[in-house]
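Q: Structure provided below as structure tokens; questions to follow.
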Amino acid sequence: MTAAPYRRVLLKLSGESFARPGERGISMDEVVHVAQQMVQAAASGVQLAIVIGGGNILRGASFTAGNSGVQEATAHYMGMLATMINGLALQDALESLGAQTRLMTAIRMDGVAEPYIRRRARRHLEKGRIVILAAGTGSPFVTTDTAAAQRALELETDILMKATRVDGVFSDDPEKNPHALLYRDLTYQQVREQNLRVMDATAISQCMEHAMPILVFNYRKEGNIERAVAGERIGTLVSAKVAP
């Protein structure tokens with residue numbers, strides 16, 4: 001395998017990627033499948049950090065709908081704990097494949113994970129360990145998309161890659177509209193003006209302000225994480241200007 005064009009990558013992985021399509025919870029078959037791709041990508045020499053969601057278990061933002069018994073901030077903390085469950089599953093899957101890992105959390109849970117410390121995370125990456133970053137930013141009312149943008153900037157990654165179940169960013173929901181147009185290149189401004197489903201507005205603003213490129217691609221296609229890290233043109237690239 002040729003060396004990856006990127007030195008360090010932040011991969012944002014949704015919690016739904018840990019469950020079978022249309023289901024909830026954790027399917028270790030699905031976790032191992034995505035872990036295999038991560039191990040292959042890391043073998044190219046790229047330093048790989050992963051921000052994991054928790055929507056397959058509990059989505060804090062929607063948990064309070066019609067439920068006055070749980071405060072919204074509490075629901076967000078519950079969602080953060082869901083990302084920790086996913087992080088533990090991913091860690092074991094990666095290590096079963098021979099990878100060296102570190103699970104780091106924005107909420108202290110010393111019995112199961114290291115606290116997230118930026119310098120320590122960078123050092124783990126430099127040593128070739130796959131770093132899993134759980135519990136978002138540790139604060140409520142912040143999505144894991146925003147956490148991914150924040151960590152990408154803190155760790156000075158070359159790119160933020162968002163793994164999804166579709167081939168990139170479309171003009172409409174491709175699962176509902178078969179005629180939706182796939183964009184290959186977009187600017188941050190186009191994403192904001194057209195309200196495209198890439199990441200939440202705060203994450204897009206942070207990436208735009210600091211010129212952090214975003215690649216949105218389909219992780220379900222075998223080998224796509226490896227292809228993305230290798231710099232192949234897959235998915236949709238969001239950056240400061242559209243490529244000619």
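Chain identifiers are assigned as A, B, and so on, following the order in which chains appear in the structure tokens; residues are numbered from 1 within each chain, and ligands are numbered from 1 in order of appearance.
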Excluding range 127-137 of chain A and residues on its chain fewer than 5 positions from it, collect all residues at most 6 Å away from it, counting only C-alpha atoms, and give them as a VMD selection string.
A: chain A and resid 48 to 52 80 83 to 84 100 to 106 144 147
Q: Save out the residues we just selected, C-alpha atoms, as a JSON list (two decimals), in the first residue's frame.
A:
```
[["chain", "number", "residue", "atom", "x", "y", "z"],
["A", 48, "LEU", "CA", -6.15, 8.11, 13.18],
["A", 49, "ALA", "CA", -8.43, 9.72, 15.78],
["A", 50, "ILE", "CA", -12.11, 8.76, 15.94],
["A", 51, "VAL", "CA", -15.06, 10.67, 17.37],
["A", 52, "ILE", "CA", -17.96, 8.31, 17.97],
["A", 80, "MET", "CA", -22.59, 11.12, 26.08],
["A", 83, "THR", "CA", -20.91, 7.18, 23.11],
["A", 84, "MET", "CA", -18.76, 5.62, 25.84],
["A", 100, "GLN", "CA", -3.03, -0.49, 19.59],
["A", 101, "THR", "CA", -5.70, 1.86, 20.91],
["A", 102, "ARG", "CA", -6.54, 4.40, 23.54],
["A", 103, "LEU", "CA", -10.08, 5.30, 24.59],
["A", 104, "MET", "CA", -10.28, 8.87, 25.86],
["A", 105, "THR", "CA", -13.31, 10.58, 27.34],
["A", 106, "ALA", "CA", -14.34, 14.17, 27.93],
["A", 144, "THR", "CA", -20.84, 14.99, 18.29],
["A", 147, "ALA", "CA", -17.13, 17.69, 19.01]]
```
Q: Hey, what does DSSP flag as strand (DSSP E) within range 51-212 of chain A? Can you give it to me as a PyMOL selection string?
A: chain A and resi 51-52+101-105+114-115+130-134+159-164+169-170+182-183+185-187
Q: Deliver the residues from the most recent selection as a file, using C-alpha atoms, as a tab-separated table (two decimals), in the first residue's frame.
A:
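That gives us again36.tsv:
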```tsv
chain	number	residue	atom	x	y	z
A	51	VAL	CA	-15.06	10.67	17.37
A	52	ILE	CA	-17.96	8.31	17.97
A	101	THR	CA	-5.70	1.86	20.91
A	102	ARG	CA	-6.54	4.40	23.54
A	103	LEU	CA	-10.08	5.30	24.59
A	104	MET	CA	-10.28	8.87	25.86
A	105	THR	CA	-13.31	10.58	27.34
A	114	GLU	CA	-8.33	7.94	30.02
A	115	PRO	CA	-9.43	11.54	30.45
A	130	ILE	CA	-5.76	4.62	17.17
A	131	VAL	CA	-7.38	7.12	19.53
A	132	ILE	CA	-11.12	6.87	20.22
A	133	LEU	CA	-12.63	10.09	21.54
A	134	ALA	CA	-15.90	9.61	23.42
A	159	ILE	CA	-8.85	16.71	7.37
A	160	LEU	CA	-12.12	15.83	9.08
A	161	MET	CA	-13.76	12.78	7.52
A	162	LYS	CA	-17.43	12.08	8.19
A	163	ALA	CA	-18.42	8.48	7.52
A	164	THR	CA	-22.07	8.11	6.49
A	169	VAL	CA	-23.66	15.12	0.16
A	170	PHE	CA	-26.77	15.18	-2.02
A	182	LEU	CA	-24.52	14.02	-5.61
A	183	TYR	CA	-22.09	16.91	-5.12
A	185	ASP	CA	-17.13	19.51	-4.28
A	186	LEU	CA	-18.76	22.18	-2.14
A	187	THR	CA	-17.67	25.30	-0.31
```
Q: Which of these, A:Ile214, A:Leu88, A:Leu94, A:Val32, has the shortest distance to Met109 in chain A once you count only C-alpha atoms?
A: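 Distance minimum relative to Met109 in chain A lands on A:Leu88.
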Q: Considering only C-alpha atoms, return as an MDAnalysis selection string whatever protein or nucleic-acid residues lie within 8 Å of Val31 in chain A, sequence-local ones (same chain, fewer than 5 positions apart) excluded.
A: chainID A and resid 17:19 26 89:90 93
Q: Among the residues of range 109-176 of chain A, find those DSSP assigns to alpha helix (DSSP H) from the backbone and print them as a list of chain:residue names.
A: A:Arg118, A:Arg119, A:Arg120, A:Ala121, A:Arg122, A:Arg123, A:His124, A:Leu125, A:Glu126, A:Thr144, A:Asp145, A:Thr146, A:Ala147, A:Ala148, A:Ala149, A:Gln150, A:Arg151, A:Ala152, A:Leu153, A:Glu154
Q: Keeping only N, CA and C atoms, take the residues you just selected and write them out as a PDB file, in the first residue's frame.
A:
```pdb
ATOM      1  N   ARG A 118      -5.465  17.047  25.493  1.00  0.00           N
ATOM      2  CA  ARG A 118      -5.031  17.260  24.109  1.00  0.00           C
ATOM      3  C   ARG A 118      -3.604  16.783  23.866  1.00  0.00           C
ATOM      4  N   ARG A 119      -2.677  17.173  24.712  1.00  0.00           N
ATOM      5  CA  ARG A 119      -1.275  16.787  24.498  1.00  0.00           C
ATOM      6  C   ARG A 119      -1.086  15.274  24.596  1.00  0.00           C
ATOM      7  N   ARG A 120      -1.827  14.646  25.516  1.00  0.00           N
ATOM      8  CA  ARG A 120      -1.709  13.194  25.653  1.00  0.00           C
ATOM      9  C   ARG A 120      -2.285  12.494  24.422  1.00  0.00           C
ATOM     10  N   ALA A 121      -3.391  13.004  23.923  1.00  0.00           N
ATOM     11  CA  ALA A 121      -3.992  12.427  22.721  1.00  0.00           C
ATOM     12  C   ALA A 121      -3.040  12.535  21.537  1.00  0.00           C
ATOM     13  N   ARG A 122      -2.404  13.684  21.388  1.00  0.00           N
ATOM     14  CA  ARG A 122      -1.439  13.861  20.299  1.00  0.00           C
ATOM     15  C   ARG A 122      -0.283  12.877  20.422  1.00  0.00           C
ATOM     16  N   ARG A 123       0.163  12.654  21.640  1.00  0.00           N
ATOM     17  CA  ARG A 123       1.282  11.727  21.850  1.00  0.00           C
ATOM     18  C   ARG A 123       0.886  10.298  21.493  1.00  0.00           C
ATOM     19  N   HIS A 124      -0.317   9.905  21.855  1.00  0.00           N
ATOM     20  CA  HIS A 124      -0.799   8.570  21.474  1.00  0.00           C
ATOM     21  C   HIS A 124      -0.815   8.429  19.955  1.00  0.00           C
ATOM     22  N   LEU A 125      -1.291   9.456  19.273  1.00  0.00           N
ATOM     23  CA  LEU A 125      -1.340   9.418  17.812  1.00  0.00           C
ATOM     24  C   LEU A 125       0.068   9.297  17.223  1.00  0.00           C
ATOM     25  N   GLU A 126       0.995  10.049  17.772  1.00  0.00           N
ATOM     26  CA  GLU A 126       2.374  10.012  17.280  1.00  0.00           C
ATOM     27  C   GLU A 126       2.998   8.634  17.464  1.00  0.00           C
ATOM     28  N   THR A 144     -22.125  15.656  18.559  1.00  0.00           N
ATOM     29  CA  THR A 144     -20.845  14.988  18.295  1.00  0.00           C
ATOM     30  C   THR A 144     -20.225  15.489  16.991  1.00  0.00           C
ATOM     31  N   ASP A 145     -21.032  16.073  16.086  1.00  0.00           N
ATOM     32  CA  ASP A 145     -20.456  16.739  14.907  1.00  0.00           C
ATOM     33  C   ASP A 145     -19.573  17.900  15.342  1.00  0.00           C
ATOM     34  N   THR A 146     -20.090  18.720  16.235  1.00  0.00           N
ATOM     35  CA  THR A 146     -19.309  19.845  16.743  1.00  0.00           C
ATOM     36  C   THR A 146     -18.102  19.348  17.523  1.00  0.00           C
ATOM     37  N   ALA A 147     -18.272  18.277  18.291  1.00  0.00           N
ATOM     38  CA  ALA A 147     -17.131  17.695  19.008  1.00  0.00           C
ATOM     39  C   ALA A 147     -16.059  17.242  18.024  1.00  0.00           C
ATOM     40  N   ALA A 148     -16.478  16.661  16.898  1.00  0.00           N
ATOM     41  CA  ALA A 148     -15.512  16.210  15.897  1.00  0.00           C
ATOM     42  C   ALA A 148     -14.742  17.391  15.310  1.00  0.00           C
ATOM     43  N   ALA A 149     -15.452  18.471  14.994  1.00  0.00           N
ATOM     44  CA  ALA A 149     -14.780  19.661  14.470  1.00  0.00           C
ATOM     45  C   ALA A 149     -13.810  20.224  15.500  1.00  0.00           C
ATOM     46  N   GLN A 150     -14.256  20.287  16.745  1.00  0.00           N
ATOM     47  CA  GLN A 150     -13.406  20.803  17.820  1.00  0.00           C
ATOM     48  C   GLN A 150     -12.140  19.970  17.988  1.00  0.00           C
ATOM     49  N   ARG A 151     -12.290  18.656  18.032  1.00  0.00           N
ATOM     50  CA  ARG A 151     -11.123  17.780  18.212  1.00  0.00           C
ATOM     51  C   ARG A 151     -10.193  17.826  16.994  1.00  0.00           C
ATOM     52  N   ALA A 152     -10.775  17.928  15.802  1.00  0.00           N
ATOM     53  CA  ALA A 152      -9.937  18.027  14.606  1.00  0.00           C
ATOM     54  C   ALA A 152      -9.044  19.260  14.670  1.00  0.00           C
ATOM     55  N   LEU A 153      -9.603  20.363  15.146  1.00  0.00           N
ATOM     56  CA  LEU A 153      -8.825  21.597  15.264  1.00  0.00           C
ATOM     57  C   LEU A 153      -7.796  21.494  16.380  1.00  0.00           C
ATOM     58  N   GLU A 154      -8.197  20.947  17.522  1.00  0.00           N
ATOM     59  CA  GLU A 154      -7.278  20.824  18.654  1.00  0.00           C
ATOM     60  C   GLU A 154      -6.097  19.924  18.326  1.00  0.00           C
TER      61      GLU A 154
END
```
